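Asker: File name upload-v6.cif; file contents mmCIF, C-alpha atoms; full text below.
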data_protein
loop_
_atom_site.label_atom_id
_atom_site.label_comp_id
_atom_site.auth_asym_id
_atom_site.auth_seq_id
_atom_site.Cartn_x
_atom_site.Cartn_y
_atom_site.Cartn_z
CA MET R 286 0.00 0.00 0.00
CA HIS R 287 1.25 3.47 -0.85
CA PRO R 288 2.30 5.38 2.31
CA ALA R 289 0.07 8.31 1.33
CA LEU R 290 -3.04 6.13 1.75
CA LEU R 291 -2.08 5.50 5.38
CA ASN R 292 -2.62 9.19 6.05
CA GLN R 293 -6.33 9.42 6.89
CA ASP R 294 -6.59 13.08 5.90
CA ILE R 295 -5.27 12.36 2.41
CA PHE R 296 -7.43 9.26 2.09
CA LEU R 297 -10.54 11.23 3.08
CA GLN R 298 -9.76 13.83 0.42
CA ILE R 299 -9.57 11.08 -2.20
CA LEU R 300 -12.80 9.42 -1.08
CA GLY R 301 -14.52 12.80 -0.94
CA HIS R 302 -14.50 12.85 -4.74
CA LEU R 303 -16.54 9.64 -4.69
CA SER R 304 -19.34 11.16 -2.62
CA PRO R 305 -22.20 12.77 -4.60
CA GLN R 306 -22.90 16.43 -3.88
CA HIS R 307 -26.35 17.49 -2.68
CA ASP R 308 -28.40 20.62 -3.22
CA LEU R 309 -29.95 23.06 -0.76
CA GLU R 310 -33.42 22.39 -2.12
CA PHE R 311 -35.41 19.32 -1.18
CA PRO R 312 -33.88 16.37 -3.04
CA GLY R 313 -36.13 14.55 -5.44
CA PRO R 314 -36.65 10.78 -5.34
CA LYS R 315 -34.07 10.32 -8.10
CA SER R 316 -31.29 12.06 -6.18
CA MET R 317 -30.12 8.79 -4.60
CA ASN R 318 -31.00 6.51 -7.51
CA ASP R 319 -29.42 8.13 -10.55
CA SER R 320 -26.61 6.34 -12.37
CA GLU R 321 -23.93 8.65 -11.00
CA GLY R 322 -25.06 8.17 -7.40
CA LYS R 323 -25.21 4.39 -7.79
CA SER R 324 -21.73 4.37 -9.30
CA HIS R 325 -20.32 6.36 -6.37
CA ARG R 326 -21.90 4.08 -3.81
CA SER R 327 -20.74 0.94 -5.62
CA THR R 328 -17.19 2.25 -5.60
CA LEU R 329 -17.33 3.05 -1.89
CA LEU R 330 -18.77 -0.39 -1.14
CA ASN R 331 -16.00 -2.08 -3.13
CA LEU R 332 -13.38 -0.05 -1.28
CA SER R 333 -14.81 -1.08 2.08
CA LEU R 334 -14.48 -4.74 1.03
CA THR R 335 -11.02 -4.41 -0.51
CA CYS R 336 -8.87 -3.65 2.50
CA HIS R 337 -9.45 -3.56 6.24
CA ALA R 338 -7.68 -0.19 6.42
CA PHE R 339 -10.29 1.27 4.05
CA THR R 340 -13.38 -0.26 5.66
CA GLU R 341 -14.41 2.23 8.33
CA VAL R 342 -13.65 5.38 6.31
CA ALA R 343 -15.41 4.06 3.19
CA LEU R 344 -18.46 2.94 5.18
CA ASP R 345 -18.67 6.35 6.89
CA LEU R 346 -18.96 8.00 3.48
CA LEU R 347 -21.26 5.30 2.09
CA TRP R 348 -23.76 5.83 4.92
CA ARG R 349 -23.27 9.58 5.19
CA LYS R 350 -26.47 10.24 3.20
CA ILE R 351 -29.47 7.89 3.06
CA ASP R 352 -32.94 8.36 1.63
CA LYS R 353 -34.80 5.59 3.47
CA MET R 354 -34.99 4.51 7.09
CA SER R 355 -35.52 0.95 5.87
CA HIS R 356 -31.85 0.82 4.81
CA LEU R 357 -30.92 0.82 8.49
CA LEU R 358 -33.72 -1.44 9.68
CA ARG R 359 -32.53 -4.12 7.23
CA LEU R 360 -29.58 -4.66 9.56
CA LEU R 361 -31.96 -6.37 12.01
CA SER R 362 -32.87 -10.04 11.61
CA ALA R 363 -36.49 -9.20 12.55
CA PHE R 364 -36.87 -7.03 9.42
CA LYS R 365 -39.58 -8.70 7.33
CA VAL R 366 -41.36 -8.03 4.04
CA VAL R 367 -45.15 -8.06 4.41
CA ASP R 368 -47.32 -8.27 1.31
CA LYS R 369 -50.80 -6.89 2.00
CA ASN R 370 -53.41 -5.91 -0.59
CA ASN R 371 -50.79 -6.24 -3.33
CA GLN R 372 -48.59 -3.70 -1.54
CA ARG R 373 -45.16 -4.48 -0.17
CA ARG R 374 -44.54 -3.09 3.31
CA TYR R 375 -41.81 -3.66 5.88
CA ALA R 376 -42.10 -4.54 9.57
CA LEU R 377 -40.05 -5.75 12.54
CA ASP R 378 -41.40 -9.17 13.44
CA GLY R 379 -39.50 -11.30 15.93
CA PRO R 380 -36.88 -10.97 18.68
CA ILE R 381 -33.89 -8.66 18.26
CA LEU R 382 -30.61 -9.44 20.01
CA ASP R 383 -28.60 -6.80 21.88
CA CYS R 384 -25.73 -7.24 19.41
CA GLU R 385 -28.12 -6.32 16.58
CA TRP R 386 -29.24 -3.16 18.38
CA ALA R 387 -25.55 -2.28 18.85
CA LEU R 388 -24.93 -2.78 15.12
CA LEU R 389 -27.93 -0.59 14.26
CA ASP R 390 -26.64 2.13 16.57
CA LYS R 391 -23.16 1.95 15.01
CA TYR R 392 -24.50 2.50 11.48
CA ALA R 393 -26.98 5.18 12.56
CA ARG R 394 -24.02 7.15 13.89
CA ARG R 395 -22.56 7.27 10.38
CA VAL R 396 -25.58 9.13 8.95
CA ARG R 397 -25.10 12.87 8.42
CA HIS R 398 -27.89 13.61 5.92
CA LEU R 399 -31.28 11.90 5.95
CA ILE R 400 -34.00 12.25 3.32
CA TYR R 401 -37.24 10.91 4.75
CA HIS R 402 -40.52 10.41 2.92
CA PRO R 403 -42.81 7.85 4.62
CA GLU R 404 -44.71 6.99 1.44
CA SER R 405 -41.54 5.86 -0.35
CA ASP R 406 -40.13 4.05 2.70
CA SER R 407 -43.15 1.72 3.19
CA VAL R 408 -42.28 0.85 6.80
CA TYR R 409 -45.03 0.14 9.30
CA ARG R 410 -45.19 2.65 12.14
CA SER R 411 -44.96 -0.21 14.65
CA ALA R 412 -41.35 -0.71 13.56
CA PHE R 413 -40.44 2.88 14.44
CA LEU R 414 -42.26 2.63 17.76
CA ARG R 415 -40.20 -0.43 18.61
CA VAL R 416 -36.97 1.42 17.87
CA VAL R 417 -38.11 4.42 19.92
CA GLN R 418 -38.93 2.23 22.91
CA LYS R 419 -35.49 0.61 22.73
CA THR R 420 -33.24 3.61 22.13
CA HIS R 421 -34.64 6.34 24.43
CA LYS R 422 -32.13 8.74 22.85
CA PRO R 423 -31.48 10.48 19.49
CA PHE R 424 -31.34 7.74 16.90
CA PHE R 425 -29.00 9.80 14.68
CA PRO R 426 -26.58 11.44 17.15
CA ARG R 427 -24.41 12.90 14.36
CA LEU R 428 -27.15 13.98 11.94
CA ARG R 429 -26.38 17.36 10.37
CA GLU R 430 -29.01 17.72 7.66
CA LEU R 431 -32.60 16.49 7.49
CA SER R 432 -35.05 16.64 4.60
CA ILE R 433 -38.53 15.45 5.54
CA ARG R 434 -41.88 15.20 3.79
CA ARG R 435 -44.72 14.44 6.17
CA GLY R 436 -44.26 12.07 9.06
CA TYR R 437 -45.89 10.57 12.10
CA TYR R 438 -45.30 10.77 15.84
CA SER R 439 -43.04 7.71 16.08
CA GLU R 440 -40.70 8.79 13.27
CA VAL R 441 -40.49 12.37 14.56
CA LEU R 442 -39.10 11.14 17.86
CA LEU R 443 -36.25 9.45 15.98
CA LEU R 444 -35.32 12.29 13.65
CA VAL R 445 -34.54 15.18 16.02
CA SER R 446 -30.93 15.37 17.17
CA SER R 447 -28.83 18.01 18.94
CA SER R 448 -26.34 17.87 16.07
CA LEU R 449 -28.86 19.15 13.48
CA LEU R 450 -27.74 22.22 11.54
CA ARG R 451 -29.98 22.21 8.43
CA VAL R 452 -33.62 21.14 8.12
CA HIS R 453 -35.85 21.19 5.06
CA VAL R 454 -39.55 20.41 5.67
CA LYS R 455 -42.16 20.08 2.95
CA GLU R 456 -45.70 19.22 3.94
CA GLU R 457 -47.19 17.68 0.82
CA GLU R 458 -50.47 16.38 2.15
CA THR R 459 -52.93 17.23 4.89
CA TYR R 460 -52.11 15.44 8.13
CA PRO R 461 -52.45 16.30 11.85
CA HIS R 462 -50.78 19.63 12.61
CA ARG R 463 -49.84 18.38 16.07
CA VAL R 464 -47.19 16.12 14.52
CA MET R 465 -45.41 19.03 12.85
CA GLN R 466 -45.91 21.11 15.99
CA LEU R 467 -44.25 18.35 18.00
CA PHE R 468 -41.38 18.23 15.51
CA LEU R 469 -40.76 21.99 15.75
CA ASP R 470 -41.04 22.04 19.54
CA SER R 471 -38.58 19.15 19.73
CA MET R 472 -36.09 21.05 17.58
CA VAL R 473 -36.37 24.09 19.84
CA LYS R 474 -35.40 21.96 22.84
CA GLN R 475 -32.96 19.49 21.29
CA ALA R 476 -31.34 21.31 18.33
CA PRO R 477 -30.32 24.71 19.72
CA ASN R 478 -27.50 25.16 17.19
CA MET R 479 -29.61 24.73 14.06
CA GLN R 480 -28.77 27.41 11.49
CA TYR R 481 -30.86 26.68 8.37
CA LEU R 482 -34.59 25.96 8.10
CA HIS R 483 -36.76 25.85 5.00
CA PHE R 484 -40.37 25.21 5.97
CA GLY R 485 -43.04 24.53 3.38
CA SER R 486 -46.61 24.10 4.56
CA ARG R 487 -50.17 24.86 3.51
CA ASP R 488 -50.34 27.25 6.46
CA PRO R 489 -46.79 28.20 7.58
CA GLU R 490 -48.09 31.09 9.70
CA ARG R 491 -49.65 28.54 12.06
CA PHE R 492 -46.17 27.40 13.11
CA LEU R 493 -44.40 30.76 13.12
CA ASP R 494 -44.42 31.18 16.91
CA SER R 495 -42.53 27.91 17.30
CA ILE R 496 -40.11 28.72 14.49
CA THR R 497 -39.16 32.05 16.04
CA LYS R 498 -38.01 30.22 19.19
CA LEU R 499 -35.04 28.87 17.19
CA LYS R 500 -32.87 31.72 18.39
CA ASN R 501 -29.64 30.72 16.60
CA LEU R 502 -31.26 30.35 13.19
CA ARG R 503 -29.40 32.27 10.47
CA HIS R 504 -31.22 31.25 7.29
CA LEU R 505 -35.00 30.91 7.16
CA GLY R 506 -37.25 30.06 4.24
CA LEU R 507 -41.06 30.03 4.54
CA SER R 508 -43.20 28.81 1.67
CA GLN R 509 -46.86 28.09 1.30
CA VAL R 510 -47.44 24.87 -0.64
CA SER R 511 -50.66 23.41 -2.00
CA THR R 512 -51.86 20.02 -0.83
CA TRP R 513 -53.46 19.05 -4.14
CA PRO R 514 -52.99 20.12 -7.79
CA GLY R 515 -54.82 23.29 -8.79
CA GLU R 516 -55.50 24.45 -5.23
CA THR R 517 -55.84 28.23 -4.82
CA LEU R 518 -53.58 29.60 -2.11
CA ASN R 519 -54.44 32.68 -0.06
CA ALA R 520 -51.23 33.34 1.85
CA ARG R 521 -50.18 36.85 2.78
CA VAL R 522 -46.86 38.37 3.78
CA ASP R 523 -47.85 41.45 5.73
CA SER R 524 -46.06 43.46 8.40
CA THR R 525 -47.70 41.62 11.31
CA PHE R 526 -46.50 38.29 9.94
CA PHE R 527 -43.09 39.79 9.23
CA ALA R 528 -42.72 41.45 12.64
CA LYS R 529 -42.54 38.07 14.36
CA LEU R 530 -39.34 37.29 12.47
CA ALA R 531 -37.64 40.26 14.16
CA ARG R 532 -37.47 38.21 17.35
CA MET R 533 -34.68 36.15 15.75
CA GLU R 534 -31.60 38.27 16.32
CA HIS R 535 -29.14 36.19 14.29
CA LEU R 536 -31.15 35.97 11.05
CA SER R 537 -29.02 36.92 8.06
CA SER R 538 -31.21 35.53 5.25
CA VAL R 539 -35.03 35.37 4.97
CA TYR R 540 -37.08 33.95 2.11
CA CYS R 541 -40.90 34.21 2.21
CA ARG R 542 -42.94 32.88 -0.69
CA GLY R 543 -46.67 32.49 -1.15
CA LEU R 544 -49.57 33.60 -3.36
CA ALA R 545 -51.04 36.65 -1.69
CA ASP R 546 -54.73 37.37 -2.02
CA SER R 547 -55.54 41.07 -2.36
CA ARG R 548 -58.95 40.40 -0.76
CA ASN R 549 -57.28 39.64 2.58
CA GLU R 550 -57.58 42.38 5.13
CA LEU R 551 -54.24 44.11 5.70
CA HIS R 552 -53.05 44.41 9.26
CA GLN R 553 -51.91 47.69 10.72
CA PRO R 554 -48.14 47.97 10.09
CA ALA R 555 -45.92 47.36 13.11
CA PHE R 556 -42.36 48.72 13.04
CA VAL R 557 -39.67 46.04 12.96
CA ALA R 558 -35.88 46.27 12.97
CA PHE R 559 -33.38 43.69 11.76
CA CYS R 560 -29.78 44.22 12.77
CA SER R 561 -28.18 41.17 11.13
CA LEU R 562 -30.34 40.63 8.03
CA THR R 563 -28.26 40.85 4.83
CA LYS R 564 -30.53 39.07 2.33
CA LEU R 565 -34.31 39.36 2.02
CA THR R 566 -36.67 37.82 -0.53
CA VAL R 567 -40.43 38.40 -0.28
CA ALA R 568 -43.27 37.30 -2.58
CA SER R 569 -46.45 39.32 -2.13
CA THR R 570 -48.85 41.70 -3.84
CA VAL R 571 -48.05 45.35 -4.46
CA GLN R 572 -50.73 46.37 -1.94
CA GLN R 573 -48.91 44.46 0.80
CA VAL R 574 -45.32 45.22 -0.17
CA VAL R 575 -45.58 48.99 0.33
CA PRO R 576 -46.78 48.82 3.99
CA LEU R 577 -44.15 46.17 4.59
CA LEU R 578 -41.34 48.44 3.41
CA LYS R 579 -42.60 51.35 5.46
CA SER R 580 -42.71 49.30 8.65
CA GLY R 581 -39.17 47.93 8.59
CA SER R 582 -35.61 49.02 9.24
CA PHE R 583 -32.80 46.93 7.76
CA TYR R 584 -29.39 48.19 8.82
CA ALA R 585 -27.20 45.49 7.23
CA LEU R 586 -29.27 44.61 4.15
CA GLU R 587 -27.19 43.86 1.03
CA SER R 588 -29.63 41.98 -1.23
CA PHE R 589 -33.36 42.69 -1.56
CA THR R 590 -35.64 40.76 -3.92
CA LEU R 591 -39.35 41.42 -4.38
CA VAL R 592 -41.58 39.05 -6.30
CA PHE R 593 -44.86 40.77 -7.15
CA THR R 594 -47.28 37.87 -7.40
CA CYS R 595 -50.09 39.87 -8.99
CA ILE R 596 -48.11 40.87 -12.11
CA ARG R 597 -45.72 37.90 -12.26
CA LYS R 598 -42.71 40.13 -12.51
CA ASN R 599 -39.57 40.14 -10.42
CA LEU R 600 -37.83 43.26 -9.22
CA LYS R 601 -34.35 42.77 -7.83
CA LEU R 602 -32.51 45.48 -5.96
CA LYS R 603 -28.91 44.86 -4.96
#
Would you write out, as structure tokens, the structure that this file holds?

Answerer:
Amino acid sequence: MHPALLNQDIFLQILGHLSPQHDLEFPGPKSMNDSEGKSHRSTLLNLSLTCHAFTEVALDLLWRKIDKMSHLLRLLSAFKVVDKNNQRRYALDGPILDCEWALLDKYARRVRHLIYHPESDSVYRSAFLRVVQKTHKPFFPRLRELSIRRGYYSEVLLLVSSSLLRVHVKEEETYPHRVMQLFLDSMVKQAPNMQYLHFGSRDPERFLDSITKLKNLRHLGLSQVSTWPGETLNARVDSTFFAKLARMEHLSSVYCRGLADSRNELHQPAFVAFCSLTKLTVASTVQQVVPLLKSGSFYALESFTLVFTCIRKNLKLK
């Protein structure tokens, strides 16, 4: 073996070129299944099997980003395939030894970026409840980035970790708001160092009070998303909504997007001041943008983008 490969720093630099890059936006279902991604993972797997000196480093990179919780649950002998109503689902059925739980914990510690969509994972909720009851601690203690679409109580308890820095949430369908409220409240308590949050929901204003409790957040994106094709959205970005964001002293970038309805009653402008905000993007109607500008003071602003939703024209001021 070449002496350079014995230097872990050099070896990590080499293996870093075999790890696919990821985007800020929510990754699509093909992001982990395209030919390039499969090629990278195959190479890392082969390296881990080639030499004992390569194993741990290659496996760390191979498991750094996963798009299904079932990849981890497959490490357990109780992981079973259940065919019901011509649909394939996965469950934990049978005893699980302590050595298997230890193996699951070891691989969960490798994960840095998790993409979770329950509909594509096809795992019964009972399996997550069983893991929650066994672990009683963050399942991903080194998780840095989380992308989640929907979710249920049992999964939410597994996903929040104190190591989280970036979270991207997209609520695609209508489901109990208490689950998302639980998720946000858990992040406030357990992820105090989180810096990036992009939150897409049919009604993001409902969760704004919880979001503003993330005091160390530096980058915030709020988007209203429809829950079915062709749905008419009536979001507004007015000064009252915007004033709540001023509670977050460390915010340097804010992105608010929604389709504003001019029929909504405008709230009385409330003066707000941002000391650290350098980048602001707002999508709203002309009727709402003017009061918004009059009610704010932005001492450090460097980039300001307005998207006038009523005329479909962007105005960018640098």

Asker: With the PyMOL selection byres ((chain R and resi 328-333) around 8) as the selection, what would be picked from this file? Answer as a list of chain:residue names, please.

Answerer: R:Leu300, R:Leu303, R:Ser324, R:His325, R:Arg326, R:Ser327, R:Leu334, R:Thr335, R:Cys336, R:His337, R:Phe339, R:Thr340, R:Glu341, R:Val342, R:Ala343, R:Leu344, R:Leu346, R:Leu347

Asker: With all atoms listed in the file as the counted atoms, please give the residues lying no more than 7 Å from Arg434 (chain R), apart from itself and same-chain residues fewer than 6 positions off, as JSON, numbers by chain.

Answerer: {"R": [401, 402, 454, 455, 456, 457]}

Asker: Might you spell out which residues the PyMOL selection byres ((chain R and resi 565) around 9) would select in the displayed file, as a PyMOL selection string?

Answerer: chain R and resi 537-541+562-564+566-567+586-591

Asker: On this file, the PyMOL selection byres ((chain R and resi 533) around 8) gives some set of residues; write that set as an NGL selection string.

Answerer: :R and (497-502 or 530-532 or 534-536)

Asker: For a test of reading the model, state the distance in Å between CA of Glu430 (chain R) and CA of Leu450 (chain R), rounded to one decimal.

Answerer: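 That distance, rounded to one decimal, is 6.1 Å.
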
Asker: So how far away is CA of Lys529 (chain R) from CA of Asp494 (chain R), in Å?

Answerer: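 According to the coordinates, CA of Asp494 (chain R) and CA of Lys529 (chain R) are separated by 7.6 Å.
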
Asker: Using all atoms listed in the file, which of the listed residues (R:Asp488, R:Asp345, R:Phe364, R:Pro423) sits closest to Leu297 (chain R)?

Answerer: R:Asp345

Asker: Find the residues near Asp378 (chain R): any atom within 9 Å, counting all atoms listed in the file, skip ones fewer than 4 places away on the same chain, and give them as a PyMOL selection string.

Answerer: chain R and resi 362-365+412

Asker: Write the residues of the selection above to a file with C-alpha atoms, as a PDB file, in the coordinates of the input.

Answerer:
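Result file selection.pdb:
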ATOM      1  CA  SER R 362     -32.870 -10.040  11.610  1.00  0.00           C
ATOM      2  CA  ALA R 363     -36.490  -9.200  12.550  1.00  0.00           C
ATOM      3  CA  PHE R 364     -36.870  -7.030   9.420  1.00  0.00           C
ATOM      4  CA  LYS R 365     -39.580  -8.700   7.330  1.00  0.00           C
ATOM      5  CA  ALA R 412     -41.350  -0.710  13.560  1.00  0.00           C
TER       6      ALA R 412
END

Asker: Nearest residue to Val408 (chain R) out of R:Leu578, R:Cys384, R:Val396, R:Ala376, using only C-alpha atoms?

Answerer: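 Ranked by minimum distance to Val408 (chain R), first place goes to R:Ala376.
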
Asker: Kindly give the distance, in Å, that separates CA of Val464 (chain R) and CA of Pro489 (chain R), rounded to a single decimal.

Answerer: 13.9 Å

Asker: Tell me which protein, DNA and RNA residues are within 10 Å of Arg427 (chain R), counting only C-alpha atoms, leaving out same-chain ones fewer than 2 positions away, and put them as a PyMOL selection string.

Answerer: chain R and resi 349+393-398+423-425+429-430+446-449

Asker: Measuring atom to atom with all atoms listed in the file, identify which of R:Ala568, R:Ser407, R:Met465, R:Arg487 is nearest to Val367 (chain R).

Answerer: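 The answer is R:Ser407, which sits nearest to Val367 (chain R).
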
Asker: Using only C-alpha atoms, find the one residue out of R:Ala585, R:His302, R:Leu361, R:Leu444 that sits nearest to Met472 (chain R).

Answerer: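 Result for the nearest residue to Met472 (chain R): R:Leu444.
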